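Inspection log for the structure reproduced underneath, given as structure tokens.
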2 protein chains.
Amino acid sequence: MALIVQKYGGTSVGSTERIATVAEKVMATRSQGNDVVVVVSAMSGETNRLVALAKSLADPPKAREFDVLLATGEQVTISLLSMTLEARGCPARSYTGSQVHILTDSAHTKARILEIDDKRIHDDLAQGTVVVVAGFQGTDAQGNITTLGRGGSDTTAVALAAALKADECQIYTDVDGVYTTDPRVVHQARRLDKICFEEMLEMASLGSKVLQIRAVEFASKYNVPLRVLSSFKEGQGTLIASEDETMEKALISGIAFNRDEAKLTLLGVPDQPGIAYHILGHIADANIEVDMIIQNIGADGTTDFTFTVHHNDYKNALTILQNIAKELGVREVLGDDSIVKISLVGVGMRSHAGIASTMFKTLADEGINIQMISTSEIKISVVVHEKYLELGVRALHAAFNLDEAAS
Amino acid sequence: MALIVQKYGGTSVGSTERIATVAEKVMATRSQGNDVVVVVSAMSGETNRLVALAKSLADPPKAREFDVLLATGEQVTISLLSMTLEARGCPARSYTGSQVHILTDSAHTKARILEIDDKRIHDDLAQGTVVVVAGFQGTDAQGNITTLGRGGSDTTAVALAAALKADECQIYTDVDGVYTTDPRVVHQARRLDKICFEEMLEMASLGSKVLQIRAVEFASKYNVPLRVLSSFKEGQGTLIASEDETMEKALISGIAFNRDEAKLTLLGVPDQPGIAYHILGHIADANIEVDMIIQNIGADGTTDFTFTVHHNDYKNALTILQNIAKELGVREVLGDDSIVKISLVGVGMRSHAGIASTMFKTLADEGINIQMISTSEIKISVVVHEKYLELGVRALHAAFNLDEAAS
């Protein structure tokens with residue numbers, strides 16, 4: 001007998017029919033002898049409806065009150081799921097974030113979980129009751145309702161699994177697992193049976209939107225085995241767990257890409273101490289996050305400095321650089337928002353040389369020019385022109401034997 | 001400076017535009033130097049939407065979970081009103097029933113308020129903050145969400161006013177006060193400036209739907225002055241308070257009527273001890289509530305026994321009586337669902353004789369036959385054929401000088 005935490009997102013509980021389907025899945029898990037805790041999101045569309053109501057009265061709405069409003073979305077779902085389970089003869093009890101004391105800080109609309117009181121849940125489970133908890137929400141020390149921000153229900157599920165020492169935290173979503181890359185780009189993309197936390201974090205941060213980064217970080221920190229499954233399709237999904245010897249022995253687990261970046265280059269920057277700080281300080285002051293940063297060592301006392309930012313911040317960043325160019329003595333400011341970042345991710349890189357050169361050769365063979373390169377322990381990222389996205393990802397997917405036929 | 005509790009019902013907060021109007025009323029009250037606590041219902045239509053969701057999944061839904069669902073309705077309104085106030089520069093804080101510890105018993109869907117923790121509210125008021133509380137809901141000692149049943153928001157408002165020792169509890173609704181009778185029946189019906197609790201209780205229980213009986217009882221018990229006002233029209237409304245010398249000196253405060261009753265008669269009932277108990281015991285066992293009961297003393301060892309029930313229970317009650325008629329030795333069972341009850345209400349009856357005879361004479365002059373009569377300390381009720389409703393009420397309204405011209 002295991003203790004399973006299951007999380008169903010907004011699409012999975014998007015209608016009464018789908019809530020009934022979720023009830024069946026929960027009962028099937030329970031009838032296999034497991035204790036089940038379910039975390040649910042607001043029904044899809046509900047949050048948008050509430051946001052529209054708020055914005056028509058107060059824009060921006062006061063964060064404390066906005067949280068009170070948004071929290072009703074999950075409260076509706078927990079009650080509907082619990083009464084559905086009860087009506088089918090399965091004992092169930094719903095709890096809001098406050099009711100199970102999901103204690104958070106007071107950062108309304110983006111609160112962080114500090115503590116969960118697991119006693120009440122354990123008592124219910126001991127009596128064979130399915131416990132249904134509202135995702136995305138908690139309460140601060142003063143009893144104010146808080147919400148966790150985007151993807152918060154994943155975080156609630158993982159935090160509950162950690163607090164309850166659950167055997168597995170299952171995230172039900174509209175995809176049936178984590179793929180070697182986006183199947184819409186590469187038809188041969190293959191579902192991974194297992195992937196380790198670090199790889200998943202790199203995949204998530206590079207644009208694979210299956211799981212929220214905070215939830216994966218939390219799972220990694222507390223070593224909670226995570227499984228991504230489809231609400232609509234049977235299957236084993238993908239297990240995300242600590243790296244171990246049973247992991248697939250592939251060098252590369254997956255290929256992530258990110259279309260949302262833009263590149264900024266300063267040519268002829270005086271090669272002086274503190275120059276990077278001066279440039280990026282102005283960018284940071286404007287609340288712009290910088291991703292890749294590359295500085296070439298210059299020969300004639302100057303250097304070239306390139307970095308990438310989110311697409312939305314591109315114009316703003318370009319204006320800032322043009323304004324400080326004279327002050328810094330920079331020769332020229334260039335910008336390019338027609339780029340894409342492609343990244344190989346895999347813990348296999350730690351022990352295998354030659355991956356970078358295989359990557360560069362594969363891209364060169366296709367005539368793809370690499371504009372930037374950045375590496376970390378388990379990842380190599382390159383920036384190329386956006387027109388090469390599909391060509392590059394497919395070529396790399398085949399080169400590293402990730403195609404389905406190869407599995 | 002006074003402490004005012006204002007309650008706005010579902011129609012008054014039925015759209016974002018109306019919520020904005022409520023915010024203006026609240027701010028106007030506050031700018032007159034008052035502390036304001038606001039109690040709101042769910043937006044009109046919202047409760048029906050939630051009930052439909054529930055019924056499509058579980059019918060009947062588990063009461064505990066149904067309460068969790070319904071409670072979201074008011075939670076939406078408190079947050080929307082509070083953020084509207086904040087956006088207009090008026091400090092405001094919303095609270096669910098749980099957050100201000102509106103402690104109830106555990107009778108889900110019809111819980112009763114046991115206690116309210118007023119400390120948090122007083123702290124906010126002391127800082128000039130408007131406190132917005134969800135009506136209709138509370139929490140039991142185990143932390144489960146409860147709801148108070150129909151009209152529960154009125155009860156919440158009165159209970160808060162009592163706990164906070166408020167100077168007045170204002171109930172905003174879609175009528176502008178309590179009238180001498182239903183203005184749809186008698187055009188000359190007049191709004192009362194003041195009425196005492198006992199009269200209001202009689203009026204409410206007899207079918208005037210302005211205020212819920214429980215709220216009036218609560219206000220009477222804790223001596224909280226209640227005022228019924230319109231959300232849509234300026235005016236002083238009607239003050240409902242303890243009887244005092246400033247009350248209007250009219251003999252009769254109002255005329256109530258009830259179309260929802262039906263009459264059942266047993267002819268030739270053996271005049272024996274316990275016969276009423278036998279008859280009504282069977283009715284009570286079927287969960288049918290009885291209103292008026294009349295038994296005539298018989299001459300030939302038998303008696304006639306008549307009582308009224310709600311229209312909805314008429315057929316069921318008739319069947320029960322027909323089934324037990326033989327067993328009891330009853331000669332005949334008669335039923336009539338074409339009746340109406342008309343009642344005069346007024347504390348003036350206590351000190352003035354002749355009211356009953358004026359009533360009977362007025363009806364006789366109009367050729368209206370009285371089928372049943374029942375009296376209490378401050379009320380006289382008669383049952384007549386339903387076709388006489390308008391004629392009877394108008395005649396009595398004029399006879400007791402209640403017409404507007406007479407005020």
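Naming scheme: A, B, ... for chains in displayed order of the structure tokens; residues 1 onward per chain; ligands 1 onward as shown.
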**Request:** May I have the residues of chain A within 9 Å of chain B, counting only C-alpha atoms, written as number ranges by chain?
**Result:** A: 16-17, 19-20, 50, 53-54, 56-73, 75-88, 93-96, 99, 143-144
Closest-contact table, region 142-261 of chain A side, partner region 354-375 of chain A, 12 Å, counting only C-alpha atoms, as CSV:
```
residue,atom,partner,partner_atom,distance
A:Glu202,CA,A:Thr375,CA,11.7
A:Ala250,CA,A:Ile355,CA,11.7
A:Leu251,CA,A:Ile355,CA,8.2
A:Ile252,CA,A:Ile355,CA,8.8
A:Ile255,CA,A:Met359,CA,11.3
```
Go ahead and save the residues from that selection, with N, CA and C atoms, as a CSV table (one decimal), in the first residue's frame.
```csv
chain,number,residue,atom,x,y,z
A,202,GLU,N,16.4,21.7,-16.2
A,202,GLU,CA,17.0,22.3,-17.4
A,202,GLU,C,16.0,22.4,-18.5
A,250,ALA,N,21.2,7.1,-21.8
A,250,ALA,CA,21.5,8.0,-22.9
A,250,ALA,C,22.4,9.1,-22.5
A,251,LEU,N,23.2,9.6,-23.4
A,251,LEU,CA,24.0,10.7,-23.2
A,251,LEU,C,23.1,12.0,-23.0
A,252,ILE,N,22.2,12.1,-23.9
A,252,ILE,CA,21.3,13.2,-23.9
A,252,ILE,C,19.9,12.8,-23.6
A,255,ILE,N,16.0,17.6,-25.9
A,255,ILE,CA,16.4,18.8,-26.6
A,255,ILE,C,15.4,19.9,-26.3
```
**Item:** Who sits within 6 Å of Gly135 (chain B), only C-alpha atoms, same chain under 5 positions skipped, as number ranges by chain
**Value:** B: 39-41, 153, 156
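For Ala189 (chain A), the non-local neighbours within 8 Å, defined as residues at least 2 positions apart in the same chain or in other chains and counting only C-alpha atoms, are Tyr179, Thr180, Thr181, Asp182, Pro183, Val186, His187, Arg191, His397, Leu402, Asp403 and Glu404 of chain A.
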Could you take the residues named above and write them with N, CA and C atoms, as a JSON list (two decimals), in the first residue's frame?
```
[["chain", "number", "residue", "atom", "x", "y", "z"],
["A", 179, "TYR", "N", 8.77, 14.57, -23.09],
["A", 179, "TYR", "CA", 9.30, 14.07, -24.35],
["A", 179, "TYR", "C", 10.74, 14.52, -24.58],
["A", 180, "THR", "N", 11.42, 13.78, -25.44],
["A", 180, "THR", "CA", 12.81, 14.13, -25.77],
["A", 180, "THR", "C", 12.89, 15.53, -26.37],
["A", 181, "THR", "N", 11.83, 15.94, -27.05],
["A", 181, "THR", "CA", 11.69, 17.33, -27.48],
["A", 181, "THR", "C", 10.22, 17.55, -27.84],
["A", 182, "ASP", "N", 9.87, 18.73, -28.29],
["A", 182, "ASP", "CA", 8.48, 19.02, -28.58],
["A", 182, "ASP", "C", 7.99, 18.21, -29.79],
["A", 183, "PRO", "N", 7.01, 17.31, -29.58],
["A", 183, "PRO", "CA", 6.54, 16.44, -30.68],
["A", 183, "PRO", "C", 5.93, 17.23, -31.83],
["A", 186, "VAL", "N", 9.29, 17.79, -33.76],
["A", 186, "VAL", "CA", 9.93, 16.55, -34.20],
["A", 186, "VAL", "C", 8.94, 15.40, -34.00],
["A", 187, "HIS", "N", 8.41, 14.86, -35.10],
["A", 187, "HIS", "CA", 7.39, 13.82, -34.97],
["A", 187, "HIS", "C", 7.93, 12.56, -34.32],
["A", 191, "ARG", "N", 8.56, 9.71, -25.74],
["A", 191, "ARG", "CA", 8.27, 9.92, -24.33],
["A", 191, "ARG", "C", 9.35, 9.26, -23.49],
["A", 397, "HIS", "N", 18.14, 15.74, -32.88],
["A", 397, "HIS", "CA", 17.34, 14.64, -32.33],
["A", 397, "HIS", "C", 17.76, 13.32, -32.95],
["A", 402, "LEU", "N", 17.79, 10.01, -30.46],
["A", 402, "LEU", "CA", 16.59, 10.19, -29.64],
["A", 402, "LEU", "C", 15.32, 9.80, -30.39],
["A", 403, "ASP", "N", 15.41, 9.61, -31.71],
["A", 403, "ASP", "CA", 14.20, 9.29, -32.48],
["A", 403, "ASP", "C", 13.55, 8.01, -31.96],
["A", 404, "GLU", "N", 12.24, 7.97, -32.07],
["A", 404, "GLU", "CA", 11.45, 6.88, -31.50],
["A", 404, "GLU", "C", 11.94, 5.52, -31.97]]
```
**Asked** Given the choices B:Glu115, B:Glu234, B:Gly97, B:Ala2, which gets closest to Cys169 (chain B) if the distance is worked out from only C-alpha atoms?
**Response** B:Ala2
**Message:** List the spatial neighbours of region 209-211 of chain A as a list in words - criterion: any atom at most 10 Å away, only C-alpha atoms, same-chain residues fewer than 2 positions off excluded.
**Reply:** Gly151, Asp154, Thr155, Ile171, Thr173, Asp174, Val175, Asp176, Gly177, Val178, Tyr179, Asp182, Met200, Leu201, Met203, Ala204, Ser205, Leu206, Gly207, Ile213, Arg214, Ala215, Val216 and Val228 of chain A
